[in-house]
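upload-v2.pdb follows; it contains PDB, C-alpha atoms.
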ATOM      1  CA  MET A  17      -2.204   3.319 -21.852  1.00  0.00           C
ATOM      2  CA  SER A  18      -0.783   2.254 -18.506  1.00  0.00           C
ATOM      3  CA  HIS A  19      -0.810   5.862 -17.292  1.00  0.00           C
ATOM      4  CA  SER A  20      -4.585   6.032 -17.622  1.00  0.00           C
ATOM      5  CA  LEU A  21      -4.952   2.638 -15.969  1.00  0.00           C
ATOM      6  CA  LYS A  22      -3.040   3.471 -12.777  1.00  0.00           C
ATOM      7  CA  PRO A  23      -5.746   5.708 -11.195  1.00  0.00           C
ATOM      8  CA  LYS A  24      -8.329   3.002 -11.929  1.00  0.00           C
ATOM      9  CA  VAL A  25      -6.163   0.350 -10.280  1.00  0.00           C
ATOM     10  CA  ILE A  26      -5.674   2.648  -7.268  1.00  0.00           C
ATOM     11  CA  ASP A  27      -9.472   3.058  -7.037  1.00  0.00           C
ATOM     12  CA  VAL A  28      -9.789  -0.738  -6.936  1.00  0.00           C
ATOM     13  CA  LEU A  29      -7.035  -1.007  -4.305  1.00  0.00           C
ATOM     14  CA  LYS A  30      -9.039   1.410  -2.155  1.00  0.00           C
ATOM     15  CA  GLN A  31     -11.692  -1.346  -2.020  1.00  0.00           C
ATOM     16  CA  CYS A  32      -9.209  -3.877  -0.596  1.00  0.00           C
ATOM     17  CA  PHE A  33      -8.867  -3.942   3.172  1.00  0.00           C
ATOM     18  CA  ASP A  34      -6.619  -5.408   5.797  1.00  0.00           C
ATOM     19  CA  PRO A  35      -9.148  -7.594   7.672  1.00  0.00           C
ATOM     20  CA  GLU A  36      -7.715  -6.431  10.987  1.00  0.00           C
ATOM     21  CA  ILE A  37      -7.738  -2.683  10.218  1.00  0.00           C
ATOM     22  CA  PRO A  38     -10.760  -0.688   8.955  1.00  0.00           C
ATOM     23  CA  VAL A  39      -8.657   1.182   6.382  1.00  0.00           C
ATOM     24  CA  ASP A  40      -7.944   0.256   2.768  1.00  0.00           C
ATOM     25  CA  LEU A  41      -4.545  -1.080   1.721  1.00  0.00           C
ATOM     26  CA  TRP A  42      -3.750   1.961  -0.450  1.00  0.00           C
ATOM     27  CA  SER A  43      -4.377   4.450   2.385  1.00  0.00           C
ATOM     28  CA  LEU A  44      -2.393   2.278   4.797  1.00  0.00           C
ATOM     29  CA  GLY A  45       0.607   2.694   2.505  1.00  0.00           C
ATOM     30  CA  LEU A  46       0.926  -1.054   2.008  1.00  0.00           C
ATOM     31  CA  ILE A  47       1.094  -0.768  -1.797  1.00  0.00           C
ATOM     32  CA  TYR A  48       4.724  -0.057  -2.667  1.00  0.00           C
ATOM     33  CA  SER A  49       4.495  -0.081  -6.455  1.00  0.00           C
ATOM     34  CA  ILE A  50       2.154  -0.667  -9.371  1.00  0.00           C
ATOM     35  CA  GLU A  51       3.730  -1.402 -12.746  1.00  0.00           C
ATOM     36  CA  PHE A  52       2.206  -2.267 -16.079  1.00  0.00           C
ATOM     37  CA  ASP A  53       3.306  -4.442 -18.981  1.00  0.00           C
ATOM     38  CA  VAL A  54       1.198  -3.856 -22.056  1.00  0.00           C
ATOM     39  CA  VAL A  55       0.344  -7.271 -23.476  1.00  0.00           C
ATOM     40  CA  GLU A  56      -2.182  -6.383 -26.146  1.00  0.00           C
ATOM     41  CA  LYS A  57      -3.506  -3.071 -27.350  1.00  0.00           C
ATOM     42  CA  GLU A  58      -6.301  -3.050 -24.785  1.00  0.00           C
ATOM     43  CA  LYS A  59      -4.858  -5.247 -22.020  1.00  0.00           C
ATOM     44  CA  SER A  60      -2.013  -4.935 -19.543  1.00  0.00           C
ATOM     45  CA  ASP A  61      -0.435  -7.179 -16.964  1.00  0.00           C
ATOM     46  CA  VAL A  62      -0.364  -5.459 -13.591  1.00  0.00           C
ATOM     47  CA  ASN A  63       2.493  -6.090 -11.195  1.00  0.00           C
ATOM     48  CA  ILE A  64       1.870  -4.943  -7.644  1.00  0.00           C
ATOM     49  CA  ILE A  65       4.396  -4.967  -4.829  1.00  0.00           C
ATOM     50  CA  MET A  66       2.839  -4.713  -1.401  1.00  0.00           C
ATOM     51  CA  SER A  67       3.789  -5.154   2.206  1.00  0.00           C
ATOM     52  CA  LEU A  68       1.960  -6.143   5.370  1.00  0.00           C
ATOM     53  CA  THR A  69       1.709  -4.256   8.635  1.00  0.00           C
ATOM     54  CA  THR A  70       3.631  -7.087  10.326  1.00  0.00           C
ATOM     55  CA  PRO A  71       5.747  -9.877   8.814  1.00  0.00           C
ATOM     56  CA  GLY A  72       3.744 -12.483  10.723  1.00  0.00           C
ATOM     57  CA  CYS A  73       0.389 -11.249   9.399  1.00  0.00           C
ATOM     58  CA  SER A  74      -1.601 -14.384   8.651  1.00  0.00           C
ATOM     59  CA  MET A  75      -3.907 -12.457   6.309  1.00  0.00           C
ATOM     60  CA  GLY A  76      -1.180 -11.622   3.772  1.00  0.00           C
ATOM     61  CA  GLN A  77      -2.235 -14.291   1.281  1.00  0.00           C
ATOM     62  CA  HIS A  78      -5.888 -13.361   1.745  1.00  0.00           C
ATOM     63  CA  MET A  79      -5.125  -9.696   0.968  1.00  0.00           C
ATOM     64  CA  ALA A  80      -2.942 -10.581  -2.032  1.00  0.00           C
ATOM     65  CA  ASN A  81      -5.743 -12.803  -3.400  1.00  0.00           C
ATOM     66  CA  ASP A  82      -8.318 -10.052  -2.786  1.00  0.00           C
ATOM     67  CA  ILE A  83      -6.175  -7.594  -4.779  1.00  0.00           C
ATOM     68  CA  LYS A  84      -5.667 -10.159  -7.527  1.00  0.00           C
ATOM     69  CA  ASP A  85      -9.401 -10.931  -7.784  1.00  0.00           C
ATOM     70  CA  LYS A  86     -10.518  -7.303  -7.799  1.00  0.00           C
ATOM     71  CA  VAL A  87      -7.857  -5.956 -10.176  1.00  0.00           C
ATOM     72  CA  SER A  88      -8.196  -8.985 -12.495  1.00  0.00           C
ATOM     73  CA  SER A  89     -11.890  -8.195 -12.968  1.00  0.00           C
ATOM     74  CA  MET A  90     -11.024  -4.895 -14.695  1.00  0.00           C
ATOM     75  CA  ASP A  91     -11.557  -4.977 -18.477  1.00  0.00           C
ATOM     76  CA  GLU A  92      -8.133  -3.475 -19.196  1.00  0.00           C
ATOM     77  CA  VAL A  93      -6.255  -6.048 -17.134  1.00  0.00           C
ATOM     78  CA  ASN A  94      -4.836  -9.277 -18.524  1.00  0.00           C
ATOM     79  CA  GLU A  95      -3.002 -10.757 -15.537  1.00  0.00           C
ATOM     80  CA  VAL A  96      -2.195  -9.572 -12.018  1.00  0.00           C
ATOM     81  CA  ASN A  97       0.923 -10.475 -10.079  1.00  0.00           C
ATOM     82  CA  VAL A  98       1.059  -9.522  -6.405  1.00  0.00           C
ATOM     83  CA  THR A  99       4.384  -9.761  -4.610  1.00  0.00           C
ATOM     84  CA  VAL A 100       4.686  -9.326  -0.852  1.00  0.00           C
ATOM     85  CA  THR A 101       7.888  -7.721   0.414  1.00  0.00           C
ATOM     86  CA  PHE A 102       9.212  -6.501   3.742  1.00  0.00           C
ATOM     87  CA  ASP A 103      11.883  -4.293   2.215  1.00  0.00           C
ATOM     88  CA  PRO A 104      11.468  -1.634   3.397  1.00  0.00           C
ATOM     89  CA  PRO A 105       9.444  -2.731   6.434  1.00  0.00           C
ATOM     90  CA  TRP A 106       6.092  -0.971   6.672  1.00  0.00           C
ATOM     91  CA  ASN A 107       5.620   1.635   9.381  1.00  0.00           C
ATOM     92  CA  PRO A 108       2.724   3.913  10.360  1.00  0.00           C
ATOM     93  CA  LYS A 109       4.385   6.949   8.719  1.00  0.00           C
ATOM     94  CA  MET A 110       3.488   5.373   5.344  1.00  0.00           C
ATOM     95  CA  MET A 111      -0.243   5.847   5.968  1.00  0.00           C
ATOM     96  CA  SER A 112      -2.208   8.708   4.457  1.00  0.00           C
ATOM     97  CA  ASP A 113      -3.171  11.444   6.915  1.00  0.00           C
ATOM     98  CA  GLU A 114      -6.798  10.312   6.608  1.00  0.00           C
ATOM     99  CA  ALA A 115      -5.860   6.751   7.601  1.00  0.00           C
ATOM    100  CA  ARG A 116      -3.711   8.044  10.448  1.00  0.00           C
ATOM    101  CA  SER A 117      -6.564  10.068  11.912  1.00  0.00           C
ATOM    102  CA  LYS A 118      -9.040   7.198  11.435  1.00  0.00           C
ATOM    103  CA  LEU A 119      -6.735   4.904  13.416  1.00  0.00           C
ATOM    104  CA  GLY A 120      -5.978   7.486  16.084  1.00  0.00           C
ATOM    105  CA  PHE A 121      -2.450   8.369  14.986  1.00  0.00           C
ATOM    106  CA  ASP A 122      -1.415  11.999  15.007  1.00  0.00           C
ATOM    107  CA  PRO A 123      -1.017  13.631  11.606  1.00  0.00           C
ATOM    108  CA  THR A 124       2.474  13.252  10.200  1.00  0.00           C
ATOM    109  CA  PRO A 125       4.618  15.261  12.603  1.00  0.00           C
ATOM    110  CA  VAL A 126       6.811  18.056  11.360  1.00  0.00           C
ATOM    111  CA  PRO A 127      10.401  17.167  12.220  1.00  0.00           C
ATOM    112  CA  LYS A 128      11.635  19.224  15.130  1.00  0.00           C
ATOM    113  CA  THR A 129      15.043  19.553  16.629  1.00  0.00           C
ATOM    114  CA  GLU A 130      15.639  17.452  19.682  1.00  0.00           C
ATOM    115  CA  PRO A 131      16.093  19.466  22.866  1.00  0.00           C
ATOM    116  CA  LYS A 132      19.688  19.483  24.031  1.00  0.00           C
ATOM    117  CA  ILE A 133      20.091  17.445  27.179  1.00  0.00           C
ATOM    118  CA  GLU A 134      22.443  19.012  29.672  1.00  0.00           C
ATOM    119  CA  THR A 135      25.031  16.573  30.946  1.00  0.00           C
ATOM    120  CA  GLU A 136      27.586  17.046  33.679  1.00  0.00           C
ATOM    121  CA  TRP A 137      30.541  15.745  31.677  1.00  0.00           C
ATOM    122  CA  GLU A 138      30.480  18.330  28.870  1.00  0.00           C
TER
END
If you convert what's in this file into structure tokens, what do you get?
Amino acid sequence: MSHSLKPKVIDVLKQCFDPEIPVDLWSLGLIYSIEFDVVEKEKSDVNIIMSLTTPGCSMGQHMANDIKDKVSSMDEVNEVNVTVTFDPPWNPKMMSDEARSKLGFDPTPVPKTEPKIETEWE
């Protein structure tokens, strides 16, 4: 059952926003994991691990509560636990390409070899 619930939870997460950034939390890459514990035949507990764009973000509790409220309102959900972590720390590479372009970041760059710098002591 949890497999069919995950896309629905992701759809709900796409309606949760960082108040300071006009992009949803899922596209920002702030949702690190979504896990399910089946409680009853039709209900699951949802455990979400998320991060914030900066450790000092004062809106962290607001965003966690927003996720909790929205996901809790789903018929298939019993209880929602949202944990905030900074391991690993969030960085802009975690955003979807759509979010990156919306915020003015370049698309994810293809790794390239660094040019060799000529030095006099080699």
### Task
I need the residue set behind the PyMOL selection byres ((chain A and resi 39) around 10) for this file; please write it as a ChimeraX atom specification.
/A:30-38,40-44,111,114-116,118-119
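For the pair CA of Ile50 (chain A) and CA of Lys24 (chain A), the separation is 11.4 Å.
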Dump as JSON lines the rows for residues of region 36-98 of chain A within 8 Å of region 103-106 of chain A: closest atom pair and distance in Å with one decimal, all atoms listed in the file counted, ordered by chain and rising residue number.
{"residue": "A:Gly45", "atom": "CA", "partner": "A:Trp106", "partner_atom": "CA", "distance": 7.8}
{"residue": "A:Leu46", "atom": "CA", "partner": "A:Trp106", "partner_atom": "CA", "distance": 7.0}
{"residue": "A:Ser67", "atom": "CA", "partner": "A:Trp106", "partner_atom": "CA", "distance": 6.5}
{"residue": "A:Leu68", "atom": "CA", "partner": "A:Trp106", "partner_atom": "CA", "distance": 6.7}
{"residue": "A:Thr69", "atom": "CA", "partner": "A:Trp106", "partner_atom": "CA", "distance": 5.8}
{"residue": "A:Thr70", "atom": "CA", "partner": "A:Trp106", "partner_atom": "CA", "distance": 7.5}
### Task
Counting all atoms listed in the file, figure out which residue out of A:Tyr48, A:Phe121, A:Met110, A:Val25 gets nearest to Lys84 (chain A).
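Residue with the minimum atom-to-atom distance to Lys84 (chain A): A:Val25.
In this comparison, which uses all atoms listed in the file, the residue of A:Pro71, A:Val28, A:Glu56, A:Ser20 approaching Val87 (chain A) most closely is A:Val28.
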Listing only residues of region 50-81 of chain A within 7 Å of region 91-97 of chain A, what is the closest atom pair and its distance in Å (to one decimal) for each, using only C-alpha atoms, sorted by chain and residue number ascending, as a Markdown table?
| residue | atom | partner | partner_atom | distance |
| --- | --- | --- | --- | --- |
| A:Glu58 | CA | A:Glu92 | CA | 5.9 |
| A:Lys59 | CA | A:Glu92 | CA | 4.7 |
| A:Ser60 | CA | A:Val93 | CA | 5.0 |
| A:Asp61 | CA | A:Glu95 | CA | 4.6 |
| A:Val62 | CA | A:Val96 | CA | 4.8 |
| A:Asn63 | CA | A:Asn97 | CA | 4.8 |
| A:Ile64 | CA | A:Asn97 | CA | 6.1 |
### Two-atom distance - CA of Ile83 (chain A), CA of Leu29 (chain A) (Å)
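Taking CA of Ile83 (chain A) and CA of Leu29 (chain A), their separation equals 6.7 Å.
Straight-line separation from CA of Leu21 (chain A) to CA of Pro108 (chain A): 27.5 Å.
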### Summary
One residue among A:Val55, A:Ile47, A:Met66, A:Val98 is nearest to Ile26 (chain A) when using only C-alpha atoms, and that residue is A:Ile47
Box in all listed atoms of region 20-29 of chain A, axis-aligned, with 5 Å more on each side; write out centre and edge lengths in Å to one decimal as AutoDock Vina command-line options.
--center_x -6.4 --center_y 2.5 --center_z -11.0 --size_x 16.7 --size_y 17.0 --size_z 23.3
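With distances restricted to all atoms listed in the file, A:Phe102 is the closest residue to Gly72 (chain A) from A:Ser49, A:Ser88, A:Phe102, A:Val54.
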